[in-house]
>>> print(open('model27.pdb').read())   # PDB, C-alpha atoms
MODEL        1
ATOM      1  CA  MET A   1      23.207  19.797  -7.703  1.00  0.00           C
ATOM      2  CA  LYS A   2      22.922  16.025  -8.204  1.00  0.00           C
ATOM      3  CA  ARG A   3      20.026  15.813  -5.771  1.00  0.00           C
ATOM      4  CA  SER A   4      18.247  18.687  -7.498  1.00  0.00           C
ATOM      5  CA  LEU A   5      18.646  16.973 -10.849  1.00  0.00           C
ATOM      6  CA  LEU A   6      17.344  13.737  -9.356  1.00  0.00           C
ATOM      7  CA  THR A   7      14.252  15.435  -7.988  1.00  0.00           C
ATOM      8  CA  LEU A   8      13.594  17.049 -11.359  1.00  0.00           C
ATOM      9  CA  LEU A   9      13.996  13.682 -13.074  1.00  0.00           C
ATOM     10  CA  CYS A  10      11.420  12.125 -10.758  1.00  0.00           C
ATOM     11  CA  ALA A  11       8.916  14.817 -11.577  1.00  0.00           C
ATOM     12  CA  MET A  12       9.539  14.727 -15.318  1.00  0.00           C
ATOM     13  CA  THR A  13       9.350  10.956 -15.696  1.00  0.00           C
ATOM     14  CA  THR A  14       6.121  10.379 -13.771  1.00  0.00           C
ATOM     15  CA  PHE A  15       4.091  13.564 -13.813  1.00  0.00           C
ATOM     16  CA  GLY A  16       2.704  13.104 -17.308  1.00  0.00           C
ATOM     17  CA  ALA A  17       1.516   9.544 -16.751  1.00  0.00           C
ATOM     18  CA  GLN A  18      -0.001  10.197 -13.353  1.00  0.00           C
ATOM     19  CA  ALA A  19      -1.551  13.519 -14.344  1.00  0.00           C
ATOM     20  CA  ALA A  20      -3.833  11.580 -16.670  1.00  0.00           C
ATOM     21  CA  ASP A  21      -4.915   9.341 -13.795  1.00  0.00           C
ATOM     22  CA  THR A  22      -5.574  12.395 -11.634  1.00  0.00           C
ATOM     23  CA  HIS A  23      -7.755  13.886 -14.348  1.00  0.00           C
ATOM     24  CA  LYS A  24      -9.790  10.698 -14.468  1.00  0.00           C
ATOM     25  CA  ALA A  25     -10.282  10.863 -10.685  1.00  0.00           C
ATOM     26  CA  ALA A  26     -12.354  14.070 -10.805  1.00  0.00           C
ATOM     27  CA  PRO A  27     -14.883  14.654  -9.393  1.00  0.00           C
ATOM     28  CA  LYS A  28     -13.889  13.588  -5.897  1.00  0.00           C
ATOM     29  CA  GLY A  29     -15.649  10.679  -4.256  1.00  0.00           C
ATOM     30  CA  ASP A  30     -18.026  10.719  -1.306  1.00  0.00           C
ATOM     31  CA  ALA A  31     -16.277   9.649   1.901  1.00  0.00           C
ATOM     32  CA  ALA A  32     -19.539   8.754   3.648  1.00  0.00           C
ATOM     33  CA  ARG A  33     -20.529   6.358   0.869  1.00  0.00           C
ATOM     34  CA  GLY A  34     -17.008   4.950   0.937  1.00  0.00           C
ATOM     35  CA  GLN A  35     -17.241   4.312   4.677  1.00  0.00           C
ATOM     36  CA  ALA A  36     -20.372   2.235   4.171  1.00  0.00           C
ATOM     37  CA  ILE A  37     -18.502  -0.033   1.747  1.00  0.00           C
ATOM     38  CA  VAL A  38     -15.498  -0.266   4.049  1.00  0.00           C
ATOM     39  CA  ALA A  39     -17.679  -1.259   7.005  1.00  0.00           C
ATOM     40  CA  THR A  40     -19.072  -4.274   5.170  1.00  0.00           C
ATOM     41  CA  VAL A  41     -16.218  -5.371   2.909  1.00  0.00           C
ATOM     42  CA  CYS A  42     -12.779  -3.796   3.407  1.00  0.00           C
ATOM     43  CA  VAL A  43     -12.789  -3.861   7.222  1.00  0.00           C
ATOM     44  CA  ALA A  44     -11.691  -7.498   7.439  1.00  0.00           C
ATOM     45  CA  CYS A  45      -8.291  -6.839   5.870  1.00  0.00           C
ATOM     46  CA  HIS A  46      -7.702  -3.093   6.187  1.00  0.00           C
ATOM     47  CA  GLY A  47      -9.513  -2.247   9.402  1.00  0.00           C
ATOM     48  CA  PRO A  48     -12.493   0.110   9.823  1.00  0.00           C
ATOM     49  CA  ASP A  49     -10.366   3.214   9.262  1.00  0.00           C
ATOM     50  CA  GLY A  50      -7.683   1.894   6.915  1.00  0.00           C
ATOM     51  CA  ASN A  51      -5.240   1.008   9.680  1.00  0.00           C
ATOM     52  CA  SER A  52      -4.750  -2.654   8.893  1.00  0.00           C
ATOM     53  CA  PRO A  53      -4.156  -4.963  11.879  1.00  0.00           C
ATOM     54  CA  LEU A  54      -1.947  -7.264   9.792  1.00  0.00           C
ATOM     55  CA  ALA A  55       1.411  -6.425   8.205  1.00  0.00           C
ATOM     56  CA  ALA A  56       0.513  -8.411   5.085  1.00  0.00           C
ATOM     57  CA  ASN A  57      -2.175  -5.838   4.279  1.00  0.00           C
ATOM     58  CA  PRO A  58      -1.119  -2.224   3.723  1.00  0.00           C
ATOM     59  CA  LYS A  59      -2.247   0.710   5.801  1.00  0.00           C
ATOM     60  CA  LEU A  60      -4.555   2.805   3.619  1.00  0.00           C
ATOM     61  CA  ALA A  61      -5.412   5.504   6.143  1.00  0.00           C
ATOM     62  CA  GLY A  62      -4.115   8.910   5.107  1.00  0.00           C
ATOM     63  CA  GLN A  63      -2.996   7.728   1.683  1.00  0.00           C
ATOM     64  CA  HIS A  64      -3.506  10.165  -1.192  1.00  0.00           C
ATOM     65  CA  SER A  65      -6.882   9.572  -2.832  1.00  0.00           C
ATOM     66  CA  GLU A  66      -5.373   9.821  -6.321  1.00  0.00           C
ATOM     67  CA  TYR A  67      -2.949   7.003  -5.564  1.00  0.00           C
ATOM     68  CA  LEU A  68      -5.639   4.837  -3.999  1.00  0.00           C
ATOM     69  CA  LEU A  69      -7.887   5.289  -7.017  1.00  0.00           C
ATOM     70  CA  LYS A  70      -5.072   4.389  -9.403  1.00  0.00           C
ATOM     71  CA  GLN A  71      -4.316   1.167  -7.509  1.00  0.00           C
ATOM     72  CA  MET A  72      -7.973   0.129  -7.546  1.00  0.00           C
ATOM     73  CA  GLN A  73      -8.178   0.882 -11.256  1.00  0.00           C
ATOM     74  CA  ASN A  74      -5.048  -1.213 -11.788  1.00  0.00           C
ATOM     75  CA  PHE A  75      -6.492  -4.128  -9.794  1.00  0.00           C
ATOM     76  CA  LYS A  76      -9.676  -4.148 -11.877  1.00  0.00           C
ATOM     77  CA  ALA A  77      -9.766  -6.270 -15.032  1.00  0.00           C
ATOM     78  CA  VAL A  78     -11.079  -4.495 -18.131  1.00  0.00           C
ATOM     79  CA  ASP A  79     -12.601  -6.194 -21.182  1.00  0.00           C
ATOM     80  CA  GLY A  80     -11.460  -9.606 -20.009  1.00  0.00           C
ATOM     81  CA  LYS A  81      -7.786  -8.598 -19.984  1.00  0.00           C
ATOM     82  CA  GLN A  82      -5.401  -9.334 -17.133  1.00  0.00           C
ATOM     83  CA  PRO A  83      -5.358  -6.499 -14.581  1.00  0.00           C
ATOM     84  CA  GLU A  84      -2.370  -4.193 -14.659  1.00  0.00           C
ATOM     85  CA  ARG A  85      -1.680  -5.094 -11.019  1.00  0.00           C
ATOM     86  CA  VAL A  86      -2.178  -8.763 -10.256  1.00  0.00           C
ATOM     87  CA  SER A  87      -3.413  -9.903  -6.847  1.00  0.00           C
ATOM     88  CA  PRO A  88      -5.657 -12.963  -6.429  1.00  0.00           C
ATOM     89  CA  ILE A  89      -7.433 -11.286  -3.508  1.00  0.00           C
ATOM     90  CA  MET A  90      -7.726  -7.675  -4.679  1.00  0.00           C
ATOM     91  CA  ASN A  91      -8.568  -8.554  -8.286  1.00  0.00           C
ATOM     92  CA  GLY A  92     -11.609 -10.419  -7.029  1.00  0.00           C
ATOM     93  CA  MET A  93     -12.583  -7.863  -4.378  1.00  0.00           C
ATOM     94  CA  ILE A  94     -12.507  -4.825  -6.665  1.00  0.00           C
ATOM     95  CA  ALA A  95     -14.327  -6.507  -9.558  1.00  0.00           C
ATOM     96  CA  ALA A  96     -17.749  -5.625  -8.167  1.00  0.00           C
ATOM     97  CA  TYR A  97     -17.135  -1.880  -7.869  1.00  0.00           C
ATOM     98  CA  ASP A  98     -17.567   0.798 -10.488  1.00  0.00           C
ATOM     99  CA  GLU A  99     -15.525   3.970 -10.928  1.00  0.00           C
ATOM    100  CA  GLY A 100     -17.757   6.029  -8.651  1.00  0.00           C
ATOM    101  CA  GLN A 101     -17.551   3.512  -5.816  1.00  0.00           C
ATOM    102  CA  MET A 102     -13.773   3.337  -6.152  1.00  0.00           C
ATOM    103  CA  ARG A 103     -13.628   7.121  -5.848  1.00  0.00           C
ATOM    104  CA  ASP A 104     -15.798   6.898  -2.730  1.00  0.00           C
ATOM    105  CA  LEU A 105     -13.450   4.349  -1.167  1.00  0.00           C
ATOM    106  CA  ALA A 106     -10.414   6.460  -2.028  1.00  0.00           C
ATOM    107  CA  ALA A 107     -12.033   9.554  -0.539  1.00  0.00           C
ATOM    108  CA  TYR A 108     -12.838   7.769   2.723  1.00  0.00           C
ATOM    109  CA  PHE A 109      -9.420   6.241   3.306  1.00  0.00           C
ATOM    110  CA  ALA A 110      -7.682   9.505   2.402  1.00  0.00           C
ATOM    111  CA  THR A 111      -9.543  11.327   5.177  1.00  0.00           C
ATOM    112  CA  GLN A 112      -8.496   8.870   7.885  1.00  0.00           C
ATOM    113  CA  THR A 113      -5.493   9.273  10.170  1.00  0.00           C
ATOM    114  CA  GLN A 114      -2.700   6.741   9.841  1.00  0.00           C
ATOM    115  CA  LYS A 115      -1.412   5.006  12.944  1.00  0.00           C
ATOM    116  CA  GLY A 116       2.252   4.777  12.068  1.00  0.00           C
ATOM    117  CA  GLU A 117       4.740   2.035  12.768  1.00  0.00           C
ATOM    118  CA  ALA A 118       8.276   2.247  14.181  1.00  0.00           C
ATOM    119  CA  ALA A 119      11.698   1.178  12.958  1.00  0.00           C
ATOM    120  CA  LYS A 120      12.591  -2.041  14.774  1.00  0.00           C
ATOM    121  CA  SER A 121      16.159  -2.807  13.738  1.00  0.00           C
ATOM    122  CA  GLY A 122      18.828  -0.718  15.437  1.00  0.00           C
ATOM    123  CA  GLU A 123      21.465  -2.573  13.445  1.00  0.00           C
ATOM    124  CA  THR A 124      20.224  -1.368  10.059  1.00  0.00           C
ATOM    125  CA  ILE A 125      18.854   2.086  10.895  1.00  0.00           C
ATOM    126  CA  ALA A 126      21.991   3.873   9.664  1.00  0.00           C
ATOM    127  CA  LEU A 127      21.946   2.065   6.313  1.00  0.00           C
ATOM    128  CA  GLY A 128      18.224   2.632   5.906  1.00  0.00           C
ATOM    129  CA  ARG A 129      18.605   6.345   6.650  1.00  0.00           C
ATOM    130  CA  LYS A 130      21.516   6.677   4.227  1.00  0.00           C
ATOM    131  CA  LEU A 131      19.657   5.033   1.361  1.00  0.00           C
ATOM    132  CA  TYR A 132      16.415   6.874   2.025  1.00  0.00           C
ATOM    133  CA  ARG A 133      17.997  10.299   2.284  1.00  0.00           C
ATOM    134  CA  GLY A 134      20.895  10.030  -0.124  1.00  0.00           C
ATOM    135  CA  GLY A 135      20.654   6.831  -2.147  1.00  0.00           C
ATOM    136  CA  ASP A 136      23.873   5.312  -3.432  1.00  0.00           C
ATOM    137  CA  GLN A 137      25.507   7.296  -6.223  1.00  0.00           C
ATOM    138  CA  SER A 138      28.067   4.569  -6.861  1.00  0.00           C
ATOM    139  CA  LYS A 139      25.372   2.394  -8.476  1.00  0.00           C
ATOM    140  CA  GLY A 140      22.930   5.047  -9.574  1.00  0.00           C
ATOM    141  CA  LEU A 141      20.449   4.397  -6.774  1.00  0.00           C
ATOM    142  CA  PRO A 142      18.354   7.541  -6.157  1.00  0.00           C
ATOM    143  CA  ALA A 143      17.300   8.772  -2.743  1.00  0.00           C
ATOM    144  CA  CYS A 144      13.777   7.737  -1.766  1.00  0.00           C
ATOM    145  CA  ALA A 145      13.283  11.184  -0.235  1.00  0.00           C
ATOM    146  CA  ALA A 146      13.677  12.826  -3.640  1.00  0.00           C
ATOM    147  CA  CYS A 147      10.177  11.683  -4.586  1.00  0.00           C
ATOM    148  CA  HIS A 148       8.531  10.603  -1.337  1.00  0.00           C
ATOM    149  CA  GLY A 149       9.738  13.490   0.813  1.00  0.00           C
ATOM    150  CA  PRO A 150      11.894  13.584   3.971  1.00  0.00           C
ATOM    151  CA  ALA A 151       9.083  12.205   6.142  1.00  0.00           C
ATOM    152  CA  GLY A 152       7.639   9.813   3.572  1.00  0.00           C
ATOM    153  CA  ALA A 153       4.486  11.902   3.032  1.00  0.00           C
ATOM    154  CA  GLY A 154       4.762  11.773  -0.756  1.00  0.00           C
ATOM    155  CA  ILE A 155       3.143  14.278  -3.105  1.00  0.00           C
ATOM    156  CA  PRO A 156      -0.583  13.982  -3.914  1.00  0.00           C
ATOM    157  CA  ALA A 157      -1.277  12.823  -7.484  1.00  0.00           C
ATOM    158  CA  GLN A 158       2.405  12.067  -8.051  1.00  0.00           C
ATOM    159  CA  TYR A 159       4.010   9.960  -5.311  1.00  0.00           C
ATOM    160  CA  PRO A 160       2.316   7.903  -2.567  1.00  0.00           C
ATOM    161  CA  ARG A 161       2.673   8.272   1.174  1.00  0.00           C
ATOM    162  CA  ILE A 162       5.021   5.549   2.407  1.00  0.00           C
ATOM    163  CA  GLY A 163       6.048   6.769   5.874  1.00  0.00           C
ATOM    164  CA  GLY A 164       4.610   4.708   8.728  1.00  0.00           C
ATOM    165  CA  GLN A 165       3.779   1.750   6.471  1.00  0.00           C
ATOM    166  CA  PHE A 166       4.448  -1.785   7.692  1.00  0.00           C
ATOM    167  CA  ALA A 167       8.096  -2.642   6.996  1.00  0.00           C
ATOM    168  CA  GLU A 168       7.066  -6.137   5.932  1.00  0.00           C
ATOM    169  CA  TYR A 169       4.637  -4.796   3.335  1.00  0.00           C
ATOM    170  CA  THR A 170       7.127  -2.267   1.944  1.00  0.00           C
ATOM    171  CA  GLU A 171       9.779  -4.979   1.697  1.00  0.00           C
ATOM    172  CA  VAL A 172       7.451  -7.275  -0.260  1.00  0.00           C
ATOM    173  CA  GLN A 173       6.496  -4.488  -2.675  1.00  0.00           C
ATOM    174  CA  LEU A 174      10.103  -3.492  -3.350  1.00  0.00           C
ATOM    175  CA  LYS A 175      11.014  -7.092  -4.073  1.00  0.00           C
ATOM    176  CA  SER A 176       7.969  -7.420  -6.324  1.00  0.00           C
ATOM    177  CA  PHE A 177       9.073  -4.361  -8.294  1.00  0.00           C
ATOM    178  CA  ARG A 178      12.587  -5.783  -8.521  1.00  0.00           C
ATOM    179  CA  GLU A 179      11.328  -9.124  -9.811  1.00  0.00           C
ATOM    180  CA  GLY A 180       8.820  -7.517 -12.157  1.00  0.00           C
ATOM    181  CA  THR A 181       5.829  -9.261 -10.576  1.00  0.00           C
ATOM    182  CA  ARG A 182       4.485  -5.819  -9.761  1.00  0.00           C
ATOM    183  CA  ALA A 183       4.660  -3.623 -12.838  1.00  0.00           C
ATOM    184  CA  ASN A 184       2.109  -0.816 -12.474  1.00  0.00           C
ATOM    185  CA  ASP A 185       4.668   1.915 -11.789  1.00  0.00           C
ATOM    186  CA  PRO A 186       4.626   4.713 -14.425  1.00  0.00           C
ATOM    187  CA  ASN A 187       7.665   4.628 -16.710  1.00  0.00           C
ATOM    188  CA  LYS A 188       9.052   1.620 -14.775  1.00  0.00           C
ATOM    189  CA  MET A 189      10.313   4.062 -12.181  1.00  0.00           C
ATOM    190  CA  MET A 190      10.141   1.804  -9.123  1.00  0.00           C
ATOM    191  CA  ARG A 191      11.370  -1.208 -11.062  1.00  0.00           C
ATOM    192  CA  MET A 192      14.445   0.752 -12.127  1.00  0.00           C
ATOM    193  CA  VAL A 193      15.086   1.663  -8.486  1.00  0.00           C
ATOM    194  CA  ALA A 194      14.434  -1.716  -6.887  1.00  0.00           C
ATOM    195  CA  ILE A 195      16.549  -3.670  -9.376  1.00  0.00           C
ATOM    196  CA  LYS A 196      19.597  -1.863  -7.995  1.00  0.00           C
ATOM    197  CA  MET A 197      18.904  -2.897  -4.400  1.00  0.00           C
ATOM    198  CA  THR A 198      20.071  -5.969  -2.510  1.00  0.00           C
ATOM    199  CA  ASP A 199      17.842  -7.862  -0.093  1.00  0.00           C
ATOM    200  CA  ALA A 200      19.723  -6.291   2.823  1.00  0.00           C
ATOM    201  CA  GLU A 201      19.242  -2.783   1.436  1.00  0.00           C
ATOM    202  CA  ILE A 202      15.549  -3.359   0.833  1.00  0.00           C
ATOM    203  CA  LYS A 203      15.039  -4.644   4.366  1.00  0.00           C
ATOM    204  CA  ALA A 204      16.971  -1.735   5.873  1.00  0.00           C
ATOM    205  CA  VAL A 205      15.151   0.994   3.963  1.00  0.00           C
ATOM    206  CA  ALA A 206      11.741  -0.641   4.559  1.00  0.00           C
ATOM    207  CA  ASP A 207      12.386  -0.684   8.298  1.00  0.00           C
ATOM    208  CA  TYR A 208      13.533   2.947   8.237  1.00  0.00           C
ATOM    209  CA  ILE A 209      10.429   3.997   6.282  1.00  0.00           C
ATOM    210  CA  ALA A 210       8.182   2.375   8.903  1.00  0.00           C
ATOM    211  CA  GLY A 211       9.483   4.838  11.483  1.00  0.00           C
ATOM    212  CA  LEU A 212       8.905   7.967   9.397  1.00  0.00           C
ATOM    213  CA  HIS A 213       6.089  10.295  10.486  1.00  0.00           C
TER     214      HIS A 213
ENDMDL
END
>>> encode(input="model27.pdb", output="structure tokens")
Amino acid sequence: MKRSLLTLLCAMTTFGAQAADTHKAAPKGDAARGQAIVATVCVACHGPDGNSPLAANPKLAGQHSEYLLKQMQNFKAVDGKQPERVSPIMNGMIAAYDEGQMRDLAAYFATQTQKGEAAKSGETIALGRKLYRGGDQSKGLPACAACHGPAGAGIPAQYPRIGGQFAEYTEVQLKSFREGTRANDPNKMMRMVAIKMTDAEIKAVADYIAGLH
């Protein structure tokens, strides 16, 4: 019952905010046009197919197009205001692209196949699995699987794919949510989760997520 209520809460708290972003994303982008941009610009950091060669840069291959579009929109400054998601590199890179080009990029990366990672720490795998699947009710920490699914595939237009992502990247993002330096999560959902996690818990769950496929 508690898990069912948690899943319902996830849907209720984020669906409205992200539904608006999904509506803005229509019509879908052109993957072929997106590939042309990737081949000349994005390839250096994210690879030709969205499978980044470096753990500092996220894998974009196979990510939901709606989520990718939202992140690009959040990186882009509007009317001289600070972007909703601050990144010295991405804020500059995305500045040159309009809404149509961002849709094209999202469409291309979404059609690619992710080359997943693997959990590397045998010592923390049990803790990572416990937190991902069941959370920690003693401190109100929800299960990651409630929103991102048992294999980390997420739900298009609502929750991003996280399975197979670099553990290092996931760890940095969770800490950024916890510290408030990343604040583009609808209804502060990820910030409310991450603030309840210790460094050890973040590292364990990030490593576990890397091995999900």
>>> atom_distance(input="model27.pdb", atom1="CA of Ala77 in chain A", atom2="CA of Ala44 in chain A")
22.6 Å
>>> atom_distance(input="model27.pdb", atom1="CA of Gly128 in chain A", atom2="CA of His64 in chain A")
24.1 Å
>>> closest_residue(input="model27.pdb", among="A:Ser87, A:Gly80, A:Gln158, A:Asp49", to="Arg182 in chain A", atoms="all atoms listed in the file")
A:Ser87
>>> closest_atom_pairs(input="model27.pdb", of="range 90-152 of chain A", to="range 185-197 of chain A", cutoff="8 Å", atoms="only C-alpha atoms", output="JSON lines")
{"residue": "A:Lys139", "atom": "CA", "partner": "A:Lys196", "partner_atom": "CA", "distance": 7.2}
{"residue": "A:Gly140", "atom": "CA", "partner": "A:Lys196", "partner_atom": "CA", "distance": 7.8}
{"residue": "A:Leu141", "atom": "CA", "partner": "A:Val193", "partner_atom": "CA", "distance": 6.3}
{"residue": "A:Pro142", "atom": "CA", "partner": "A:Val193", "partner_atom": "CA", "distance": 7.1}
>>> resolve_selection(input="model27.pdb", expression="the PyMOL selection byres ((chain A and resi 118) around 10)", output="list in words")
Gly116, Glu117, Ala119, Lys120, Ser121, Gly163, Gly164, Gln165, Phe166, Ala167, Asp207, Tyr208, Ile209, Ala210, Gly211, Leu212 and His213 of chain A
>>> residues_near_point(input="model27.pdb", point="(-2.1, 9.7, 9.7)", cutoff="9 Å", atoms="all atoms listed in the file", output="list of chain:residue names")
A:Ala61, A:Gly62, A:Gln63, A:Thr111, A:Gln112, A:Thr113, A:Gln114, A:Lys115, A:Gly116, A:Gly164, A:His213
>>> resolve_selection(input="model27.pdb", expression="the PyMOL selection byres ((chain A and resi 106) around 12)", output="PyMOL selection string")
chain A and resi 25-35+37-38+42+49-50+60-73+99-105+107-112
>>> atom_distance(input="model27.pdb", atom1="CA of Gln137 in chain A", atom2="CA of Thr198 in chain A")
14.8 Å
>>> resolve_selection(input="model27.pdb", expression="the PyMOL selection byres ((chain A and resi 171) around 9)", output="list in words")
Phe166, Ala167, Glu168, Tyr169, Thr170, Val172, Gln173, Leu174, Lys175, Ser176, Asp199, Ile202, Lys203, Ala204, Val205, Ala206 and Asp207 of chain A
>>> axis_aligned_box(input="model27.pdb", around="range 32-40 of chain A", padding_each_side="3 Å", output="AutoDock Vina command-line options")
--center_x -18.0 --center_y 2.2 --center_z 3.9 --size_x 11.0 --size_y 19.0 --size_z 12.1
>>> closest_residue(input="model27.pdb", among="A:Gly92, A:Gly152, A:Glu201, A:Ile162", to="Ile125 in chain A", atoms="all atoms listed in the file")
A:Glu201
